[in-house]
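Data block for run-v4.txt (compact mmCIF, C-alpha atoms):
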```
# COMPACT_ATOMS: atom_id res chain seq x y z
CA PRO A 1 -4.23 15.94 11.96
CA ARG A 2 -1.70 18.78 11.58
CA LYS A 3 0.51 16.69 9.31
CA VAL A 4 -2.43 15.68 7.14
CA ARG A 5 -3.56 19.31 6.84
CA ASP A 6 0.00 20.22 5.85
CA LEU A 7 -0.05 17.54 3.15
CA ALA A 8 -3.42 18.86 1.94
CA SER A 9 -1.69 22.16 1.07
CA LEU A 10 0.03 20.13 -1.69
CA SER A 11 3.32 21.96 -1.13
CA PHE A 12 5.03 18.55 -1.25
CA VAL A 13 3.65 18.03 -4.78
CA GLU A 14 4.93 21.43 -5.89
CA ALA A 15 8.34 20.48 -4.43
CA LYS A 16 8.22 17.06 -6.15
CA ALA A 17 8.57 15.45 -2.74
CA ASN A 18 6.84 12.38 -1.34
CA ALA A 19 4.38 11.43 1.36
CA ALA A 20 4.30 8.14 3.26
CA LEU A 21 1.27 7.06 5.27
CA LEU A 22 2.14 4.22 7.64
CA GLY A 23 0.01 2.22 10.05
CA PRO A 24 -1.96 -0.95 10.61
CA PRO A 25 -4.89 -1.95 8.38
CA GLY A 26 -8.09 0.04 8.72
CA VAL A 27 -6.74 3.30 10.17
CA GLY A 28 -7.48 5.42 7.09
CA LYS A 29 -4.23 5.45 5.13
CA THR A 30 -5.88 4.80 1.77
CA HIS A 31 -8.70 7.22 2.59
CA ILE A 32 -6.17 10.00 3.20
CA ALA A 33 -4.17 9.07 0.08
CA VAL A 34 -7.33 9.25 -2.04
CA ALA A 35 -8.29 12.59 -0.49
CA LEU A 36 -4.83 13.97 -1.28
CA ALA A 37 -5.10 12.62 -4.84
CA VAL A 38 -8.49 14.29 -5.31
CA ALA A 39 -7.11 17.56 -3.95
CA ALA A 40 -4.16 17.30 -6.35
CA CYS A 41 -6.53 16.70 -9.28
CA ARG A 42 -8.62 19.71 -8.29
CA ALA A 43 -5.43 21.79 -8.15
CA GLY A 44 -4.58 20.80 -11.72
CA PHE A 45 -2.02 18.08 -11.07
CA SER A 46 -2.18 14.79 -12.91
CA VAL A 47 -2.55 11.73 -10.67
CA TYR A 48 -2.26 7.98 -11.14
CA PHE A 49 -3.51 5.60 -8.42
CA THR A 50 -2.43 1.96 -8.17
CA THR A 51 -1.71 -0.72 -5.64
CA LEU A 52 1.86 -1.96 -5.47
CA ASP A 53 0.68 -5.42 -6.48
CA ASP A 54 -1.10 -4.12 -9.61
CA MET A 55 1.84 -1.93 -10.58
CA VAL A 56 4.30 -4.80 -10.29
CA ARG A 57 2.01 -7.20 -12.18
CA ASN A 58 1.55 -4.68 -15.01
CA LEU A 59 5.28 -3.93 -15.22
CA ARG A 60 6.16 -7.63 -15.31
CA ALA A 61 3.64 -8.30 -18.06
CA ALA A 62 4.97 -5.36 -20.09
CA ASP A 63 8.56 -6.53 -19.58
CA GLU A 64 7.67 -10.01 -20.84
CA ILE A 65 6.43 -8.60 -24.16
CA GLY A 66 9.22 -6.05 -24.53
CA ARG A 67 7.16 -2.99 -23.59
CA LEU A 68 8.58 -2.14 -20.19
CA GLY A 69 9.67 1.37 -21.21
CA ARG A 70 6.21 2.22 -22.47
CA LYS A 71 4.51 0.88 -19.32
CA LEU A 72 6.98 2.69 -17.06
CA MET A 73 5.74 5.95 -18.58
CA HIS A 74 2.30 5.30 -17.04
CA TYR A 75 3.96 5.55 -13.64
CA LEU A 76 6.48 8.27 -14.48
CA ARG A 77 4.31 10.77 -16.36
CA PRO A 78 1.84 12.00 -13.69
CA HIS A 79 2.70 14.70 -11.20
CA VAL A 80 1.53 12.38 -8.40
CA LEU A 81 1.78 8.60 -8.26
CA VAL A 82 -0.23 7.02 -5.46
CA VAL A 83 1.03 3.54 -4.55
CA ASP A 84 -1.32 1.83 -2.13
CA GLU A 85 -0.75 -1.28 -0.01
CA VAL A 86 3.06 -1.42 0.03
CA GLY A 87 4.01 -4.46 2.07
CA TYR A 88 0.84 -6.53 1.92
CA GLN A 89 2.52 -9.07 -0.36
CA PRO A 90 6.26 -9.83 -0.40
CA LEU A 91 7.95 -9.27 -3.74
CA GLU A 92 10.39 -11.38 -5.71
CA ARG A 93 13.74 -9.78 -6.51
CA ALA A 94 12.79 -9.05 -10.15
CA GLU A 95 9.60 -7.35 -8.95
CA ALA A 96 11.51 -5.31 -6.39
CA ASN A 97 13.87 -4.19 -9.15
CA LEU A 98 10.87 -2.92 -11.13
CA VAL A 99 9.73 -0.90 -8.11
CA PHE A 100 13.25 0.50 -7.76
CA GLN A 101 13.13 1.62 -11.39
CA VAL A 102 9.89 3.53 -10.82
CA VAL A 103 11.10 5.16 -7.60
CA SER A 104 14.52 5.95 -9.02
CA LYS A 105 13.18 7.50 -12.24
CA ARG A 106 10.57 9.56 -10.32
CA TYR A 107 13.16 10.78 -7.79
CA GLU A 108 13.00 14.59 -7.64
CA LYS A 109 10.85 14.60 -10.82
CA GLY A 110 7.42 13.74 -9.39
CA SER A 111 5.70 12.99 -6.13
CA ILE A 112 4.82 9.61 -4.71
CA ILE A 113 2.17 9.08 -2.07
CA LEU A 114 2.42 5.62 -0.59
CA THR A 115 0.57 3.69 2.04
CA SER A 116 2.07 0.82 3.97
CA ASN A 117 1.23 -1.38 6.92
CA LYS A 118 4.96 -2.06 7.41
CA THR A 119 7.55 0.05 9.16
CA PHE A 120 10.49 1.08 7.02
CA GLY A 121 12.63 -1.37 8.99
CA GLU A 122 10.49 -4.21 7.63
CA TRP A 123 10.88 -3.22 3.98
CA GLY A 124 13.87 -5.52 3.52
CA GLN A 125 11.48 -8.44 4.00
CA VAL A 126 8.91 -6.90 1.66
CA PHE A 127 11.43 -6.36 -1.14
CA GLY A 128 13.35 -9.54 -0.45
CA ASP A 129 16.67 -7.70 -0.28
CA GLU A 130 17.93 -5.29 2.38
CA VAL A 131 20.24 -3.43 0.00
CA LEU A 132 17.50 -2.89 -2.59
CA ALA A 133 15.01 -1.82 0.10
CA THR A 134 17.58 0.65 1.43
CA ALA A 135 18.11 2.08 -2.07
CA ILE A 136 14.35 2.50 -2.54
CA LEU A 137 13.94 4.08 0.89
CA ASP A 138 16.92 6.38 0.33
CA ARG A 139 15.21 7.93 -2.68
CA LEU A 140 11.70 7.93 -1.22
CA LEU A 141 12.62 9.41 2.14
CA HIS A 142 15.14 12.03 0.99
CA HIS A 143 12.25 14.47 0.41
CA CYS A 144 9.31 12.93 2.25
CA GLN A 145 6.69 13.73 4.83
CA VAL A 146 5.97 10.64 6.92
CA VAL A 147 2.67 10.27 8.76
CA ALA A 148 2.39 7.39 11.22
CA ILE A 149 -1.24 6.59 11.96
CA ASN A 150 -2.15 4.47 14.96
CA GLY A 151 -5.42 3.35 16.43
CA PRO A 152 -8.19 0.84 15.96
CA SER A 153 -9.50 -0.20 12.57
CA TYR A 154 -12.38 1.95 11.33
CA ARG A 155 -13.69 -1.08 9.46
CA LEU A 156 -13.89 -3.21 12.59
CA LYS A 157 -14.95 -0.50 15.04
CA ASN A 158 -18.72 -0.89 14.65
CA ARG A 159 -18.47 -4.59 13.94
CA LEU A 160 -16.56 -5.34 17.15
CA THR A 161 -19.03 -3.25 19.16
CA ALA A 162 -21.91 -5.22 17.66
CA ILE A 163 -20.19 -8.54 18.34
CA GLU A 164 -19.27 -7.58 21.91
CA GLY A 165 -22.83 -6.43 22.58
CA SER A 166 -24.35 -9.63 21.25
CA THR A 167 -25.08 -12.43 23.69
CA ASP A 168 -25.82 -14.93 20.93
CA VAL A 169 -22.95 -17.22 20.04
CA ALA A 170 -22.92 -18.62 16.54
```
How would this structure read if it were set down as structure tokens?
Amino acid sequence: PRKVRDLASLSFVEAKANAALLGPPGVGKTHIAVALAVAACRAGFSVYFTTLDDMVRNLRAADEIGRLGRKLMHYLRPHVLVVDEVGYQPLERAEANLVFQVVSKRYEKGSIILTSNKTFGEWGQVFGDEVLATAILDRLLHHCQVVAINGPSYRLKNRLTAIEGSTDVA
């Protein structure tokens, strides 16, 4: 809670630093990222929210029609870029290179808030290349507050209680 309250001060946005929210599915990473994005908007910062999958798909499509530079600006222009669900789908090398471009061009120029269900040690598998993952992490983590969230899934909490309490078997 202390780390989240510290992030809510938005000092990391003013410093053009990053925030990484790590943990298993359902622990509230996206919820916190959205709350930080709303707080940033209320404080006058521009914010863009996307999933990693959507960002990569949009960048690939733009690259195919010769408009990569223009599309990159969508991810480079805002004060805060929120990238949700890093690691849910593995990326091809060309896709990982597009992510590197975004991270590299935003480095020390704008903040990134990311959520991931993978530890940083697993990012080589996500990006399909250990060296590229290391280069991305080097830039992301140089100025970054990392919050590791553990615990049961909020989504399944009530559902599992209901299932465990039920004597009927379907």
What is the CA of Leu36 in chain A to CA of Ala96 in chain A distance in Å? 25.8 Å
Could you state the separation of CA of Ala133 in chain A and CA of Leu10 in chain A in Å, given to one decimal place?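 About the pair CA of Ala133 in chain A and CA of Leu10 in chain A: they are 26.6 Å apart.
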Kindly give the distance, in Å, that separates CA of Leu114 in chain A and CA of Ala37 in chain A, rounded to a single decimal.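 These atoms are spaced 11.1 Å apart.
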When you look at Gln125 in chain A with a cut-off of 12 Å (counting all atoms listed in the file), what residues show up, excluding the ones that are within fewer than 5 positions of it in the same chain? I need them as a PDB file with C-alpha atoms, keeping the file's coordinate frame.
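Output saved as part.pdb:
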```
ATOM      1  CA  VAL A  86       3.060  -1.420   0.030  1.00  0.00           C
ATOM      2  CA  GLY A  87       4.010  -4.460   2.070  1.00  0.00           C
ATOM      3  CA  TYR A  88       0.840  -6.530   1.920  1.00  0.00           C
ATOM      4  CA  GLN A  89       2.520  -9.070  -0.360  1.00  0.00           C
ATOM      5  CA  PRO A  90       6.260  -9.830  -0.400  1.00  0.00           C
ATOM      6  CA  LEU A  91       7.950  -9.270  -3.740  1.00  0.00           C
ATOM      7  CA  GLU A  92      10.390 -11.380  -5.710  1.00  0.00           C
ATOM      8  CA  ARG A  93      13.740  -9.780  -6.510  1.00  0.00           C
ATOM      9  CA  ALA A  96      11.510  -5.310  -6.390  1.00  0.00           C
ATOM     10  CA  LYS A 118       4.960  -2.060   7.410  1.00  0.00           C
ATOM     11  CA  THR A 119       7.550   0.050   9.160  1.00  0.00           C
ATOM     12  CA  PHE A 120      10.490   1.080   7.020  1.00  0.00           C
ATOM     13  CA  GLU A 130      17.930  -5.290   2.380  1.00  0.00           C
ATOM     14  CA  VAL A 131      20.240  -3.430   0.000  1.00  0.00           C
ATOM     15  CA  LEU A 132      17.500  -2.890  -2.590  1.00  0.00           C
ATOM     16  CA  ALA A 133      15.010  -1.820   0.100  1.00  0.00           C
ATOM     17  CA  THR A 134      17.580   0.650   1.430  1.00  0.00           C
TER      18      THR A 134
END
```
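For the residues A:Thr115, A:Pro78, A:Gly128, A:Ala62, ranking by smallest atom-to-atom distance to Val147 in chain A using all atoms listed in the file places A:Thr115 first.
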Show which residues sit within 8 Å of Val146 in chain A, as an MDAnalysis selection string. Count all atoms listed in the file, and ignore same-chain residues fewer than 3 positions away. chainID A and resid 19:22
Contacts of Asp84 in chain A within 8 Å, only C-alpha atoms, excl. fewer than 3 positions in-chain, as a list in words: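 The filter keeps Thr30, Phe49, Thr50, Thr51, Leu52, Leu114, Thr115 and Ser116 of chain A.
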Give me, as number ranges by chain, all polymer residues having an atom no more than 10 Å from Tyr48 in chain A, counting only C-alpha atoms and skipping those fewer than 6 positions away in the same chain. A: 37, 41, 74-83, 112
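Closest approach to Arg139 in chain A among A:Asp6, A:Glu122, A:Asp63, A:Glu108: A:Glu108, based on only C-alpha atoms.
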Using all atoms listed in the file, which of A:Asn117, A:Leu68, A:Val56, A:Ala135 sits nearest Ala148 in chain A?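 That would be A:Asn117, the residue with the smallest distance to Ala148 in chain A.
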Nearest-residue call for Leu72 in chain A, choices A:Arg155, A:Lys3, A:His31, A:Arg60, using all atoms listed in the file: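 Nearest to Leu72 in chain A: A:Arg60.
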Please complete range 73-91 of chain A so it has N, CA and C atoms, and hand it over as a compact mmCIF listing (two decimals), in the frame of the given file.
```txt
# COMPACT_ATOMS: atom_id res chain seq x y z
N MET A 73 6.22 4.59 -18.38
CA MET A 73 5.74 5.95 -18.58
C MET A 73 4.40 6.19 -17.88
N HIS A 74 3.57 5.15 -17.75
CA HIS A 74 2.30 5.30 -17.04
C HIS A 74 2.54 5.72 -15.59
N TYR A 75 3.65 5.27 -15.03
CA TYR A 75 3.96 5.55 -13.64
C TYR A 75 4.90 6.73 -13.47
N LEU A 76 5.53 7.16 -14.55
CA LEU A 76 6.48 8.27 -14.48
C LEU A 76 5.86 9.60 -14.91
N ARG A 77 4.88 9.56 -15.77
CA ARG A 77 4.31 10.77 -16.36
C ARG A 77 3.52 11.65 -15.38
N PRO A 78 2.67 11.10 -14.52
CA PRO A 78 1.84 12.00 -13.69
C PRO A 78 2.64 12.77 -12.65
N HIS A 79 2.07 13.91 -12.26
CA HIS A 79 2.70 14.70 -11.20
C HIS A 79 2.74 13.91 -9.90
N VAL A 80 1.66 13.14 -9.65
CA VAL A 80 1.53 12.38 -8.40
C VAL A 80 1.23 10.93 -8.72
N LEU A 81 2.03 10.04 -8.17
CA LEU A 81 1.78 8.60 -8.26
C LEU A 81 1.41 8.13 -6.86
N VAL A 82 0.21 7.57 -6.74
CA VAL A 82 -0.23 7.02 -5.46
C VAL A 82 -0.03 5.51 -5.53
N VAL A 83 0.77 4.97 -4.61
CA VAL A 83 1.03 3.54 -4.55
C VAL A 83 0.48 3.04 -3.21
N ASP A 84 -0.60 2.31 -3.30
CA ASP A 84 -1.32 1.83 -2.13
C ASP A 84 -0.88 0.41 -1.78
N GLU A 85 -0.97 0.08 -0.52
CA GLU A 85 -0.75 -1.28 -0.01
C GLU A 85 0.67 -1.80 -0.21
N VAL A 86 1.67 -0.97 0.07
CA VAL A 86 3.06 -1.42 0.03
C VAL A 86 3.29 -2.32 1.24
N GLY A 87 3.69 -3.55 0.98
CA GLY A 87 4.01 -4.46 2.07
C GLY A 87 2.99 -5.53 2.34
N TYR A 88 1.85 -5.50 1.67
CA TYR A 88 0.84 -6.53 1.92
C TYR A 88 1.28 -7.87 1.35
N GLN A 89 2.00 -7.84 0.25
CA GLN A 89 2.52 -9.07 -0.36
C GLN A 89 4.03 -8.92 -0.54
N PRO A 90 4.81 -9.92 -0.14
CA PRO A 90 6.26 -9.83 -0.40
C PRO A 90 6.53 -9.93 -1.89
N LEU A 91 7.59 -9.29 -2.33
CA LEU A 91 7.95 -9.27 -3.74
C LEU A 91 9.14 -10.16 -4.02
```
